[in-house]
Structures are given as structure tokens and as C-alpha cells.
>>> print(open('run.cif').read())   # mmCIF, C-alpha atoms
data_work
loop_
_atom_site.label_atom_id
_atom_site.label_comp_id
_atom_site.auth_asym_id
_atom_site.auth_seq_id
_atom_site.Cartn_x
_atom_site.Cartn_y
_atom_site.Cartn_z
CA SER D 24 22.41 12.19 51.27
CA ALA D 25 21.94 9.67 48.46
CA LEU D 26 25.62 10.15 47.49
CA GLU D 27 26.81 9.39 51.03
CA GLN D 28 24.59 6.31 51.26
CA HIS D 29 26.13 4.75 48.14
CA SER D 30 29.78 5.75 48.80
CA PRO D 31 32.08 2.91 50.00
CA PRO D 32 33.43 3.08 53.56
CA PRO D 33 36.69 5.05 54.04
CA MET D 34 38.82 1.87 54.54
CA ARG D 35 37.46 0.28 51.39
CA ARG D 36 38.15 3.46 49.45
CA HIS D 37 41.73 3.48 50.79
CA VAL D 38 42.40 -0.13 49.79
CA ALA D 39 40.90 0.44 46.34
CA SER D 40 43.11 3.48 45.86
CA LEU D 41 46.24 1.53 46.85
CA LEU D 42 45.37 -1.33 44.49
CA LEU D 43 44.76 1.07 41.64
CA LEU D 44 47.99 2.97 42.31
CA HIS D 45 50.02 -0.24 42.67
CA GLY D 46 48.52 -1.71 39.53
CA VAL D 47 49.23 1.37 37.44
CA ALA D 48 52.76 1.65 38.84
CA GLY D 49 53.42 -2.02 38.14
CA LEU D 50 52.14 -1.62 34.61
CA SER D 51 54.34 1.37 33.97
CA LEU D 52 57.36 -0.39 35.45
CA ARG D 53 56.80 -3.42 33.28
CA HIS D 54 56.62 -1.26 30.18
CA ALA D 55 59.72 0.67 31.19
CA ALA D 56 61.73 -2.49 31.87
CA ALA D 57 60.75 -4.29 28.67
CA PRO D 58 63.88 -4.33 26.43
CA ARG D 59 63.55 -3.21 22.84
CA THR D 60 65.19 -5.90 20.78
CA ALA D 61 65.52 -6.34 17.06
CA PRO D 62 63.61 -9.23 15.47
CA ARG D 63 65.54 -12.47 15.82
CA ALA D 64 66.99 -13.88 12.62
CA ALA D 65 65.91 -17.34 11.61
CA ALA D 66 68.26 -20.15 12.62
CA PRO D 67 70.67 -21.10 9.80
CA SER D 68 69.62 -24.19 7.89
CA MET D 69 72.26 -24.46 5.17
CA CYS D 70 75.77 -23.38 4.17
CA GLY D 71 76.78 -20.42 2.02
CA ILE D 72 79.14 -20.49 -0.96
CA LEU D 73 80.85 -17.85 -3.09
CA ALA D 74 83.11 -18.26 -6.13
CA VAL D 75 84.77 -15.73 -8.43
CA VAL D 76 86.20 -17.18 -11.63
CA ASN D 77 88.71 -15.61 -14.04
CA SER D 78 89.12 -12.32 -12.21
CA LYS D 79 91.72 -9.80 -13.37
CA LEU D 80 92.60 -8.96 -9.77
CA SER D 81 95.87 -10.13 -8.26
CA PRO D 82 95.68 -13.17 -5.96
CA GLU D 83 96.04 -10.94 -2.90
CA ALA D 84 93.36 -8.49 -4.04
CA LEU D 85 90.97 -11.29 -4.99
CA ARG D 86 91.45 -12.95 -1.62
CA LEU D 87 90.61 -9.71 0.17
CA GLN D 88 87.58 -9.09 -2.05
CA THR D 89 86.28 -12.62 -1.55
CA LEU D 90 86.81 -12.53 2.21
CA THR D 91 84.92 -9.25 2.40
CA LEU D 92 81.98 -10.38 0.29
CA GLN D 93 81.60 -13.83 1.82
CA ARG D 94 80.62 -12.13 5.07
CA LEU D 95 77.31 -11.35 3.38
CA VAL D 96 76.41 -15.06 3.49
CA ARG D 97 78.02 -15.80 6.87
CA HIS D 98 74.63 -15.94 8.57
CA ARG D 99 74.00 -19.16 6.64
CA GLY D 100 77.00 -20.97 8.11
CA PRO D 101 78.20 -19.97 11.58
CA ASP D 102 80.44 -23.01 12.17
CA GLY D 103 83.44 -22.20 9.99
CA SER D 104 84.84 -20.29 7.02
CA GLY D 105 87.24 -21.29 4.27
CA ILE D 106 88.76 -19.83 1.11
CA HIS D 107 91.00 -21.01 -1.71
CA VAL D 108 92.55 -18.73 -4.34
CA VAL D 109 94.39 -19.95 -7.42
CA GLU D 110 95.95 -18.39 -10.49
CA THR D 111 94.91 -19.62 -13.91
CA PRO D 112 97.57 -21.71 -15.74
CA THR D 113 98.57 -18.70 -17.84
CA GLY D 114 98.90 -16.51 -14.76
CA ALA D 115 96.79 -13.81 -16.36
CA ARG D 116 93.74 -14.29 -14.12
CA CYS D 117 92.75 -15.67 -10.73
CA SER D 118 89.83 -17.58 -9.28
CA SER D 119 88.56 -18.12 -5.75
CA VAL D 120 86.12 -20.36 -3.91
CA ALA D 121 84.86 -19.61 -0.42
CA HIS D 122 82.56 -21.34 2.04
CA GLU D 123 80.55 -20.54 5.17
CA ARG D 124 79.80 -23.79 6.93
CA LEU D 125 76.84 -25.11 8.86
CA ALA D 126 78.30 -28.32 10.29
CA ILE D 127 75.93 -31.28 10.01
CA VAL D 128 77.88 -34.29 8.74
CA ASP D 129 81.43 -34.72 10.12
CA PRO D 130 81.55 -31.47 12.10
CA LEU D 131 85.17 -32.05 13.16
CA SER D 132 86.98 -32.55 9.83
CA GLY D 133 84.54 -31.60 7.08
CA ASN D 134 85.64 -28.00 6.66
CA GLN D 135 85.58 -26.56 3.15
CA PRO D 136 86.81 -26.06 0.52
CA LEU D 137 87.25 -29.79 -0.03
CA PHE D 138 90.02 -31.05 -2.31
CA SER D 139 90.76 -33.89 -4.70
CA HIS D 140 93.35 -36.46 -3.64
CA ASP D 141 96.17 -34.57 -5.36
CA ARG D 142 94.73 -31.20 -4.23
CA SER D 143 94.54 -30.03 -7.84
CA ARG D 144 90.77 -29.50 -7.64
CA SER D 145 88.87 -27.57 -4.99
CA LEU D 146 85.17 -27.75 -4.15
CA THR D 147 82.80 -25.43 -2.34
CA VAL D 148 79.32 -26.84 -1.86
CA ASN D 149 76.06 -26.22 -0.07
CA GLY D 150 74.16 -29.46 0.07
CA GLU D 151 73.52 -32.90 1.40
CA ILE D 152 74.25 -36.01 -0.66
CA TYR D 153 72.06 -38.92 0.36
CA ASN D 154 73.79 -41.59 -1.75
CA HIS D 155 77.38 -40.63 -0.88
CA LYS D 156 78.20 -44.08 0.52
CA GLN D 157 77.01 -45.81 -2.64
CA LEU D 158 79.03 -43.41 -4.80
CA ARG D 159 82.13 -44.03 -2.70
CA ALA D 160 81.77 -47.73 -3.41
CA GLU D 161 81.60 -47.04 -7.17
CA LEU D 162 84.88 -45.10 -7.30
CA LYS D 163 87.84 -46.95 -8.78
CA ASP D 164 90.45 -44.96 -6.86
CA PRO D 165 90.89 -46.67 -3.47
CA THR D 166 92.58 -43.65 -1.87
CA ALA D 167 91.02 -42.88 1.50
CA PHE D 168 88.95 -39.72 1.84
CA ARG D 169 90.30 -36.93 4.04
CA THR D 170 86.96 -36.41 5.76
CA GLU D 171 83.67 -38.16 6.50
CA SER D 172 81.74 -35.36 4.80
CA ASP D 173 78.95 -36.58 2.54
CA CYS D 174 80.01 -33.91 0.02
CA GLU D 175 83.65 -34.94 -0.47
CA VAL D 176 82.51 -37.62 -2.89
CA ILE D 177 81.57 -34.85 -5.36
CA VAL D 178 85.14 -33.75 -6.07
CA HIS D 179 86.45 -37.33 -6.29
CA GLY D 180 83.48 -38.31 -8.41
CA TYR D 181 84.28 -35.45 -10.77
CA ASP D 182 87.78 -36.89 -11.15
CA GLU D 183 86.31 -40.16 -12.44
CA PHE D 184 82.95 -39.29 -13.97
CA GLY D 185 83.63 -35.77 -15.24
CA VAL D 186 80.56 -33.65 -15.98
CA ASP D 187 78.28 -36.67 -15.40
CA ILE D 188 78.80 -36.44 -11.64
CA ALA D 189 75.83 -34.09 -11.18
CA SER D 190 73.42 -36.63 -12.66
CA LYS D 191 74.73 -39.30 -10.28
CA LEU D 192 74.04 -37.31 -7.12
CA ASP D 193 70.91 -38.01 -5.09
CA GLY D 194 70.35 -35.04 -2.83
CA ASP D 195 70.07 -31.27 -2.72
CA PHE D 196 73.14 -29.31 -3.74
CA ALA D 197 74.74 -26.26 -5.28
CA PHE D 198 78.49 -26.38 -5.85
CA VAL D 199 81.49 -25.06 -7.76
CA ILE D 200 84.68 -26.98 -8.61
CA LEU D 201 87.92 -25.27 -9.69
CA ASP D 202 90.71 -27.14 -11.48
CA ASP D 203 94.03 -25.53 -10.59
CA ARG D 204 95.94 -27.25 -13.40
CA THR D 205 93.64 -26.64 -16.34
CA GLY D 206 91.65 -23.63 -15.20
CA ASP D 207 88.39 -25.52 -15.81
CA VAL D 208 85.31 -24.53 -13.82
CA TYR D 209 82.38 -26.84 -13.16
CA ALA D 210 79.25 -25.84 -11.25
CA ALA D 211 75.90 -27.55 -10.76
CA ARG D 212 72.56 -27.25 -8.97
CA ASP D 213 70.20 -30.01 -7.89
CA PRO D 214 67.35 -31.00 -10.25
CA VAL D 215 64.56 -29.34 -8.28
CA GLY D 216 66.44 -26.26 -7.10
CA VAL D 217 66.16 -26.97 -3.38
CA ASN D 218 69.42 -25.13 -2.73
CA SER D 219 69.72 -21.62 -4.08
CA LEU D 220 72.44 -20.57 -6.51
CA TYR D 221 72.96 -17.31 -8.40
CA MET D 222 75.47 -16.39 -11.06
CA GLY D 223 76.62 -13.12 -12.53
CA THR D 224 79.23 -11.38 -14.65
CA GLY D 225 81.80 -9.04 -13.16
CA LEU D 226 82.97 -5.77 -14.70
CA ASP D 227 86.21 -7.49 -15.76
CA GLY D 228 84.40 -10.37 -17.44
CA SER D 229 84.75 -12.70 -14.45
CA THR D 230 82.01 -15.20 -13.63
CA TRP D 231 80.52 -15.23 -10.14
CA PHE D 232 78.50 -17.82 -8.21
CA SER D 233 76.86 -17.43 -4.80
CA SER D 234 74.14 -18.89 -2.60
CA GLU D 235 72.59 -15.42 -2.42
CA ALA D 236 72.52 -12.44 -4.76
CA LYS D 237 73.93 -9.98 -2.21
CA PRO D 238 77.65 -10.69 -2.82
CA LEU D 239 77.14 -10.40 -6.58
CA VAL D 240 75.28 -7.10 -6.36
CA THR D 241 77.72 -5.66 -3.80
CA GLY D 242 80.67 -6.87 -5.88
CA GLY D 243 79.44 -4.87 -8.88
CA CYS D 244 78.26 -7.63 -11.21
CA ILE D 245 76.68 -6.15 -14.32
CA ASP D 246 74.07 -8.90 -14.37
CA VAL D 247 72.70 -11.29 -11.76
CA ARG D 248 70.58 -14.28 -12.66
CA ILE D 249 69.31 -17.49 -11.13
CA PHE D 250 71.36 -20.59 -11.88
CA PRO D 251 68.73 -22.94 -13.36
CA PRO D 252 67.98 -26.16 -11.46
CA GLY D 253 68.98 -29.40 -13.14
CA HIS D 254 71.85 -27.76 -15.05
CA TYR D 255 75.61 -27.77 -14.86
CA TYR D 256 77.98 -25.03 -15.98
CA LEU D 257 81.29 -25.78 -17.65
CA ALA D 258 84.05 -23.41 -18.71
CA ARG D 259 87.28 -24.88 -20.01
CA GLY D 260 90.57 -23.22 -19.17
CA GLY D 261 90.98 -19.91 -20.95
CA GLU D 262 87.26 -19.52 -21.73
CA GLU D 263 85.79 -16.33 -20.35
CA GLU D 264 82.27 -17.64 -20.87
CA GLY D 265 81.17 -21.17 -20.19
CA ARG D 266 77.95 -22.90 -21.11
CA LEU D 267 74.93 -24.12 -19.17
CA VAL D 268 73.92 -27.69 -19.96
CA PRO D 269 70.76 -29.46 -18.71
CA TYR D 270 71.63 -32.79 -17.12
CA TYR D 271 68.20 -33.56 -15.68
CA ALA D 272 65.79 -34.48 -18.47
CA PRO D 273 63.19 -37.03 -17.32
CA SER D 274 60.84 -38.37 -19.95
CA TRP D 275 57.83 -36.70 -18.37
CA HIS D 276 59.27 -33.31 -19.30
CA SER D 277 58.16 -34.00 -22.86
CA ALA D 278 54.53 -34.26 -23.91
CA SER D 279 55.57 -36.75 -26.58
CA ALA D 280 56.33 -39.27 -23.85
CA ALA D 281 52.73 -39.33 -22.63
CA THR D 282 51.10 -42.76 -22.84
CA GLN D 283 47.50 -41.67 -22.26
CA PRO D 284 45.52 -38.92 -23.97
CA LEU D 285 44.20 -36.04 -21.92
#
>>> encode(input="run.cif", output="C-alpha cells")
Amino acid sequence: SALEQHSPPPMRRHVASLLLLHGVAGLSLRHAAAPRTAPRAAAPSMCGILAVVNSKLSPEALRLQTLTLQRLVRHRGPDGSGIHVVETPTGARCSSVAHERLAIVDPLSGNQPLFSHDRSRSLTVNGEIYNHKQLRAELKDPTAFRTESDCEVIVHGYDEFGVDIASKLDGDFAFVILDDRTGDVYAARDPVGVNSLYMGTGLDGSTWFSSEAKPLVTGGCIDVRIFPPGHYYLARGGEEEGRLVPYYAPSWHSASAATQPL
């Protein structure tokens, strides 16, 4: 018949059947063996910081709270963790700074928080300071640095230059400095806002800073806002609320400085 004339020989039909069966089986096996994995997180590219200032918690309770919440930014810095808790001079309140480190410069000894020479000031920072060697040369205090970190110059620079240190830094940064003796708090963010920084107010009137908003929201802050680029924050000892001050004010920010008409 016409059907028999166009049908493939028995051997060819057998081989075709085996190939089809083997192909389907292989396909099903490959699908069955393929693992179901969660999407991979992006590789960390910067550190994470957290600071709680003028909390009414005890030092022990604040340490536990900070340690718990800093885990929310641990993905940013897998190479080390650090924390420093201090009571205000009056003993009525406590403050903490914490850090999750991505080691880039001086991976062996640059763990944070970093401290002033007399250890009265502590620094937690996410950033990279490009002119740190030049700033070191400008410092009057010849005391050797503890680390080779490019960021240690910030806390020593604050000792000598005060609030002007932010305007002297060439780099990207977000940091908080605590003064154990006076209770002063100084924080700053780079002029362009390359490195993220958020701030908020706790239920007890404390002031919070973090690289991400998650610790602030989880910690119960009643407001969370972006720390503006090109500003520093200063709260003197005993002040529950500090002030934000712009330190980056180039002439081109003002239309009055234009030299040519539009």
C-alpha cells in the first residue's frame, strides 16, 4: 500500500524510537537535577555603619540593641564587625557606633571603630579618602597612626580642624564621630552623596544614623530621612537635637555667580 511504501524500514524506526526516548529521558533528567537556588546577592562594594546617639537605654541594653540591628547591614561588609558604646558625661544617656567592614585599604589592622590618639573619640565610617596622605602631612600632632587605613585621618583631623574636617576631605564618605569626654556628636556625608546615609529619631529622643534605612525602621524610629549630601551634623554634649550645616557651597550653586547671560 501507499502507507507501506513510505514507512521507514523497521531498523530505522527502532533507532528513531531509541533516540526519541533517550532524548526525552535526558531532558527530563536534566530538569529534575537542576537545583532551585535563590537569586544571588550582589557582591558587597562598601561598608555599613550604624550609630545611636543619646539613648536612654543602659550601656548593656544599647550594646545588645546595636549588635542586633547592625546585622541588617552586615551584607555590606563581610570582613569584620566592631562596636563601641559609651555613656554621656552626665551618665544619663548612652551612645554607640558600630561598623561592618569591607576590607580594602589595610585589611589587617584597619578594623573599626577607629579612635583618636587618646581614645577619647571614636569613628565609624563608610568611605574612601583619596587625599589621606596629604592630610596626614598637614597634621601638627606627630603621633603615629595605629593603622594604615585611609579613613583614620578623619578622627585625627577632627581633633585639629574641628567641624572643618569634612570640607578638607577628597573622597566619598559617610561617618559619625563620638566624643566620649564631651558627649559631642559629629557626622558628615560627602558633597555628592556617593555613599548613602540615613538619620532618624528614636522613641526616646535619640538620634540614629545608618548606611541603610532598615536598622532605623526596625529599631522603631518615628521618622527616617536622608542625610543631605554636602552637610555635617553637630550636636554638643547634652543637646538632644543637633543641627545640619552645609559645608559644600561652590560658587556655581548660586545664579548670582554666573558670568555669562543665558
>>> atom_distance(input="run.cif", atom1="atom CA of Arg86 of chain D", atom2="atom CA of Val108 of chain D")
6.5 Å
>>> closest_residue(input="run.cif", among="D:Gly265, D:Gly253, D:Gly216, D:Gly260", to="Thr113 of chain D", atoms="all atoms listed in the file")
D:Gly260
>>> residues_near_point(input="run.cif", point="(86.5, -11.2, -15.8)", cutoff="8 Å", atoms="all atoms listed in the file", output="PyMOL selection string")
chain D and resi 76-79+224-230+263
>>> resolve_selection(input="run.cif", expression="the PyMOL selection byres ((chain D and resi 272) around 10)", output="JSON, numbers by chain")
{"D": [190, 214, 253, 254, 269, 270, 271, 273, 274, 275, 276, 277]}
>>> resolve_selection(input="run.cif", expression="the PyMOL selection byres ((chain D and resi 248-250) around 10)", output="list in words")
Ala197, Ala210, Ala211, Arg212, Gly216, Ser219, Leu220, Tyr221, Met222, Gly223, Thr224, Phe232, Ser233, Ser234, Glu235, Ala236, Leu239, Asp246, Val247, Pro251, Pro252, Gly253, His254, Tyr255, Tyr256 and Leu267 of chain D
>>> write_last_selection(input="run.cif", atoms="C-alpha atoms", output="PDB file, in the coordinates of the input")
ATOM      1  CA  ALA D 197      74.740 -26.260  -5.280  1.00  0.00           C
ATOM      2  CA  ALA D 210      79.250 -25.840 -11.250  1.00  0.00           C
ATOM      3  CA  ALA D 211      75.900 -27.550 -10.760  1.00  0.00           C
ATOM      4  CA  ARG D 212      72.560 -27.250  -8.970  1.00  0.00           C
ATOM      5  CA  GLY D 216      66.440 -26.260  -7.100  1.00  0.00           C
ATOM      6  CA  SER D 219      69.720 -21.620  -4.080  1.00  0.00           C
ATOM      7  CA  LEU D 220      72.440 -20.570  -6.510  1.00  0.00           C
ATOM      8  CA  TYR D 221      72.960 -17.310  -8.400  1.00  0.00           C
ATOM      9  CA  MET D 222      75.470 -16.390 -11.060  1.00  0.00           C
ATOM     10  CA  GLY D 223      76.620 -13.120 -12.530  1.00  0.00           C
ATOM     11  CA  THR D 224      79.230 -11.380 -14.650  1.00  0.00           C
ATOM     12  CA  PHE D 232      78.500 -17.820  -8.210  1.00  0.00           C
ATOM     13  CA  SER D 233      76.860 -17.430  -4.800  1.00  0.00           C
ATOM     14  CA  SER D 234      74.140 -18.890  -2.600  1.00  0.00           C
ATOM     15  CA  GLU D 235      72.590 -15.420  -2.420  1.00  0.00           C
ATOM     16  CA  ALA D 236      72.520 -12.440  -4.760  1.00  0.00           C
ATOM     17  CA  LEU D 239      77.140 -10.400  -6.580  1.00  0.00           C
ATOM     18  CA  ASP D 246      74.070  -8.900 -14.370  1.00  0.00           C
ATOM     19  CA  VAL D 247      72.700 -11.290 -11.760  1.00  0.00           C
ATOM     20  CA  PRO D 251      68.730 -22.940 -13.360  1.00  0.00           C
ATOM     21  CA  PRO D 252      67.980 -26.160 -11.460  1.00  0.00           C
ATOM     22  CA  GLY D 253      68.980 -29.400 -13.140  1.00  0.00           C
ATOM     23  CA  HIS D 254      71.850 -27.760 -15.050  1.00  0.00           C
ATOM     24  CA  TYR D 255      75.610 -27.770 -14.860  1.00  0.00           C
ATOM     25  CA  TYR D 256      77.980 -25.030 -15.980  1.00  0.00           C
ATOM     26  CA  LEU D 267      74.930 -24.120 -19.170  1.00  0.00           C
TER      27      LEU D 267
END
>>> resolve_selection(input="run.cif", expression="the PyMOL selection byres ((chain D and resi 205) around 8)", output="JSON, numbers by chain")
{"D": [111, 112, 202, 203, 204, 206, 207, 259, 260]}
>>> closest_residue(input="run.cif", among="D:Ser104, D:Gln157, D:Thr282, D:Ser119", to="Leu87 of chain D", atoms="only C-alpha atoms")
D:Ser119
